[in-house]
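Student: Handing you a structure now.
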Amino acid sequence: MQELTLKDWLDAQMRDFGLDADLVKLLTGVAAVSRDISRLVEAGALGGILGLHGTQNVQGEEQKELDVVSNEMMVKAVFDTGVVAACASEELDHSLPAPAADGVRRPYLICFDPLDGSSNIDINVSIGTIFSVLVNPRSDASAPTDEDFLQPGDRQLAAGYVIYGPQTQMVFTVGRGVNMFTLNPRTGEYILTNANVKVPESAKEFAINCSNMRHWEQPVKRYIAELLEGTTGVRGKDFNMRWVAAMVAEVHRILCRGGIFMYPRDNRDPSRPGKLRLMYEANPMSWLMEQAGGRATNGRTRILGLVPEKLHQRVAVFLGAREEVERVTAYHLEEDGGRC
Ligand code: AHG
Ligand code: MN
Ligand code: MN
């Protein structure tokens, strides 16, 4: 079988669909740096990247060494492409404008979670990098600010992730379906291995951190209770449960074999509308799901329609199989309606 490399695929997208050459540069840059991060991950303790860095990020989370190192690598790589006006990251308090003050307007903004699933780093379990590309709304070469990033997910131009698991895979969309590329560790080349991925409409598996059950809102309790009842309950079928504690790994599993992933808001801190971040976790993953025929809501409304108010805004996330996301969303709306 003829192998299609990421480069060949991107060239074909430029030729056949007019994919922007600068966006191709950016995706190529992300692919290249992910290969370097993958090598570091592979080296583990031998690469000196395990353990804590001894600092906290703006969200008050302990930064691991690999969070910091991968963030620095991502920042450098995206600016080196020459097409990014500013980037925003889980590990940076504010967005960072491109260092070059050469009067050239750069067309893109990029948000990323350089290392998703940090708690898995030291135990050799799957982790990843998530990215979301937006247009630079500035018509001149001036430096973008945080406000320029506050665009709904519907405006993403490219989004995806790289999973560092038993294999390293880059999975992304430019708005024409979802494609998966597997890194050939011998050649360093990404090869197309799953084209136009589709999520089955109904699910047999669910992913949620059940240790938070007592804090959940009623509609989530109801939905999960029904799943747990299996064949003996209203659903009339058994479900299996998985929790990797890395959103990248959960989304990857769902894209490969179906299911639903949830990180609901809960009552521990009512001011916090969920754990995951809208701009560099929920938005890119929601777009991938929709592009693969699935759904993504915050329990009430489509995630991609939300207008962000803050760079590090958090959001509740329900994504995956259409039937399941619609059901748990309907339970939230029923509950809200009942309260009026
Ligand atoms: P990050 O490592 O980038 O902070 O993200 C971790 C997130 C997400 O990937 C995962 O789904 C979730 O946190 C795990 O949360 P629990 O600690 O509740 O398992
Ligand atoms: Mn994350
Ligand atoms: Mn992270």
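Labeling convention for the structure tokens: chains A, B, ... as they appear, residues from 1 per chain, ligands from 1 in order of appearance.
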Excluding Val317 of chain A and residues on its chain fewer than 3 positions from it, collect all residues at most 7 Å away from it, counting only C-alpha atoms, and give them as a PyMOL selection string.
Tutor: chain A and resi 262-264+282+297-298
Student: Keeping N, CA, C and O atoms for every residue in the selection just given, could you write it to a file as a compact mmCIF listing (two decimals), in the first residue's frame?
Tutor:
# COMPACT_ATOMS: atom_id res chain seq x y z
N MET A 262 -17.13 12.98 29.81
CA MET A 262 -17.77 14.07 30.57
C MET A 262 -16.83 14.62 31.62
O MET A 262 -16.19 13.85 32.35
N TYR A 263 -16.74 15.94 31.69
CA TYR A 263 -16.18 16.58 32.88
C TYR A 263 -17.16 17.68 33.27
O TYR A 263 -17.04 18.82 32.83
N PRO A 264 -18.18 17.32 34.07
CA PRO A 264 -19.24 18.28 34.38
C PRO A 264 -18.78 19.35 35.36
O PRO A 264 -17.75 19.19 36.00
N ALA A 282 -11.48 22.36 25.51
CA ALA A 282 -12.85 22.06 25.06
C ALA A 282 -13.09 22.42 23.59
O ALA A 282 -13.67 21.63 22.83
N THR A 297 -21.35 19.53 24.13
CA THR A 297 -22.06 20.61 24.80
C THR A 297 -21.47 20.83 26.19
O THR A 297 -20.69 20.00 26.67
N ASN A 298 -21.90 21.92 26.82
CA ASN A 298 -21.52 22.14 28.22
C ASN A 298 -22.64 21.65 29.13
O ASN A 298 -22.73 22.02 30.29
Student: Could I get the residue neighbourhood of ligand 2 at 7 Å, counting only C-alpha atoms and all ligand atoms, as a PyMOL selection string?
Tutor: chain A and resi 113+115-117+246-247+276+281
Student: May I have the residues within 8 Å of Ile260 of chain A as an mmCIF file with N, CA, C and O atoms, in the first residue's frame, using only C-alpha atoms and disregarding those fewer than 5 positions away in the same chain?
Tutor:
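Contents of result.cif, freshly written:
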data_model
loop_
_atom_site.group_PDB
_atom_site.id
_atom_site.type_symbol
_atom_site.label_atom_id
_atom_site.label_comp_id
_atom_site.auth_asym_id
_atom_site.auth_seq_id
_atom_site.Cartn_x
_atom_site.Cartn_y
_atom_site.Cartn_z
ATOM 1 N N ALA A 203 -23.360 4.910 22.130
ATOM 2 C CA ALA A 203 -22.140 4.533 22.854
ATOM 3 C C ALA A 203 -22.306 3.253 23.659
ATOM 4 O O ALA A 203 -23.418 2.895 24.067
ATOM 5 N N GLU A 205 -19.499 2.873 25.895
ATOM 6 C CA GLU A 205 -18.529 3.209 26.947
ATOM 7 C C GLU A 205 -18.712 4.648 27.388
ATOM 8 O O GLU A 205 -19.035 5.517 26.566
ATOM 9 N N PHE A 206 -18.439 4.900 28.666
ATOM 10 C CA PHE A 206 -18.455 6.285 29.124
ATOM 11 C C PHE A 206 -17.218 6.562 29.958
ATOM 12 O O PHE A 206 -16.600 5.649 30.522
ATOM 13 N N ALA A 207 -16.852 7.844 30.015
ATOM 14 C CA ALA A 207 -15.668 8.272 30.763
ATOM 15 C C ALA A 207 -16.041 9.464 31.626
ATOM 16 O O ALA A 207 -16.491 10.499 31.115
ATOM 17 N N ILE A 254 -12.511 7.680 22.025
ATOM 18 C CA ILE A 254 -13.867 7.888 21.496
ATOM 19 C C ILE A 254 -13.849 8.008 19.970
ATOM 20 O O ILE A 254 -14.689 7.439 19.280
ATOM 21 N N PHE A 318 -19.288 17.780 27.775
ATOM 22 C CA PHE A 318 -19.918 16.499 27.460
ATOM 23 C C PHE A 318 -19.684 16.296 25.965
ATOM 24 O O PHE A 318 -20.218 17.053 25.156
ATOM 25 N N LEU A 319 -18.885 15.317 25.596
ATOM 26 C CA LEU A 319 -18.645 15.158 24.162
ATOM 27 C C LEU A 319 -18.526 13.700 23.759
ATOM 28 O O LEU A 319 -18.209 12.839 24.567
ATOM 29 N N GLY A 320 -18.864 13.449 22.484
ATOM 30 C CA GLY A 320 -18.763 12.086 21.950
ATOM 31 C C GLY A 320 -19.994 11.725 21.148
ATOM 32 O O GLY A 320 -20.507 12.548 20.375
ATOM 33 N N ALA A 321 -20.481 10.504 21.348
ATOM 34 C CA ALA A 321 -21.588 9.964 20.552
ATOM 35 C C ALA A 321 -22.808 10.889 20.600
ATOM 36 O O ALA A 321 -23.215 11.351 21.673
ATOM 37 N N GLU A 324 -25.845 10.066 23.015
ATOM 38 C CA GLU A 324 -25.558 10.198 24.445
ATOM 39 C C GLU A 324 -25.437 11.664 24.851
ATOM 40 O O GLU A 324 -25.960 12.078 25.881
ATOM 41 N N VAL A 325 -24.738 12.448 24.046
ATOM 42 C CA VAL A 325 -24.562 13.859 24.387
ATOM 43 C C VAL A 325 -25.929 14.552 24.356
ATOM 44 O O VAL A 325 -26.257 15.375 25.223
#
Student: Residues within 10 Å of ligand 3 (only C-alpha atoms and all ligand atoms), as a VMD selection string?
Tutor: chain A and resid 57 61 63 to 64 66 to 68 70 to 71 89 to 91 112 to 119 127 to 130 246 to 247 276 to 277 280 to 281
Student: Quick one: everything within 12 Å of Val307 of chain A, counting only C-alpha atoms, minus sequence neighbours fewer than 4 positions away in the same chain. Send it as number ranges by chain.
Tutor: A: 147-155, 278-279, 283, 301-303, 311, 313, 315
Student: Which residue out of A:Arg106, A:Lys310, A:Arg15, A:Arg253 has the minimum interatomic distance to Ser142 of chain A when only C-alpha atoms are used?
Tutor: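 Closest candidate: A:Arg106.
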Student: Which residues come within 12 Å of Pro107 of chain A, counting only C-alpha atoms, excluding same-chain residues fewer than 2 positions away, as a ChimeraX atom specification?
Tutor: /A:20-23,25-26,79,81-87,98,104-105,109-110,133-144,157
Student: Residues within 8 Å of Leu10 of chain A, please, as number ranges by chain. Count only C-alpha atoms; anything in the same chain fewer than 3 positions from it doesn't count.
Tutor: A: 6-7, 13-14, 19, 24
Student: How would the residues just chosen look if you wrote them out with N, CA and C atoms as a PDB file, in the first residue's frame?
Tutor:
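Output (result.pdb):
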ATOM      1  N   LEU A   6       2.168  13.110   5.988  1.00  0.00           N
ATOM      2  CA  LEU A   6       1.461  14.350   6.340  1.00  0.00           C
ATOM      3  C   LEU A   6       1.757  15.426   5.293  1.00  0.00           C
ATOM      4  N   LYS A   7       2.991  15.479   4.836  1.00  0.00           N
ATOM      5  CA  LYS A   7       3.373  16.491   3.845  1.00  0.00           C
ATOM      6  C   LYS A   7       2.575  16.301   2.547  1.00  0.00           C
ATOM      7  N   GLN A  13      -4.241  18.940   0.050  1.00  0.00           N
ATOM      8  CA  GLN A  13      -5.289  19.843   0.553  1.00  0.00           C
ATOM      9  C   GLN A  13      -5.127  21.246  -0.033  1.00  0.00           C
ATOM     10  N   MET A  14      -3.862  21.671  -0.191  1.00  0.00           N
ATOM     11  CA  MET A  14      -3.611  22.999  -0.790  1.00  0.00           C
ATOM     12  C   MET A  14      -4.077  22.994  -2.244  1.00  0.00           C
ATOM     13  N   LEU A  19      -6.303  24.939   0.714  1.00  0.00           N
ATOM     14  CA  LEU A  19      -5.843  25.132   2.097  1.00  0.00           C
ATOM     15  C   LEU A  19      -4.685  26.127   2.084  1.00  0.00           C
ATOM     16  N   VAL A  24      -0.595  25.591   6.398  1.00  0.00           N
ATOM     17  CA  VAL A  24       0.213  24.376   6.184  1.00  0.00           C
ATOM     18  C   VAL A  24       1.556  24.517   6.913  1.00  0.00           C
TER      19      VAL A  24
END
Student: DSSP says strand (DSSP E or B) for which residues of segment 129-211 of chain A? Put them as a count of residues only?
Tutor: 35
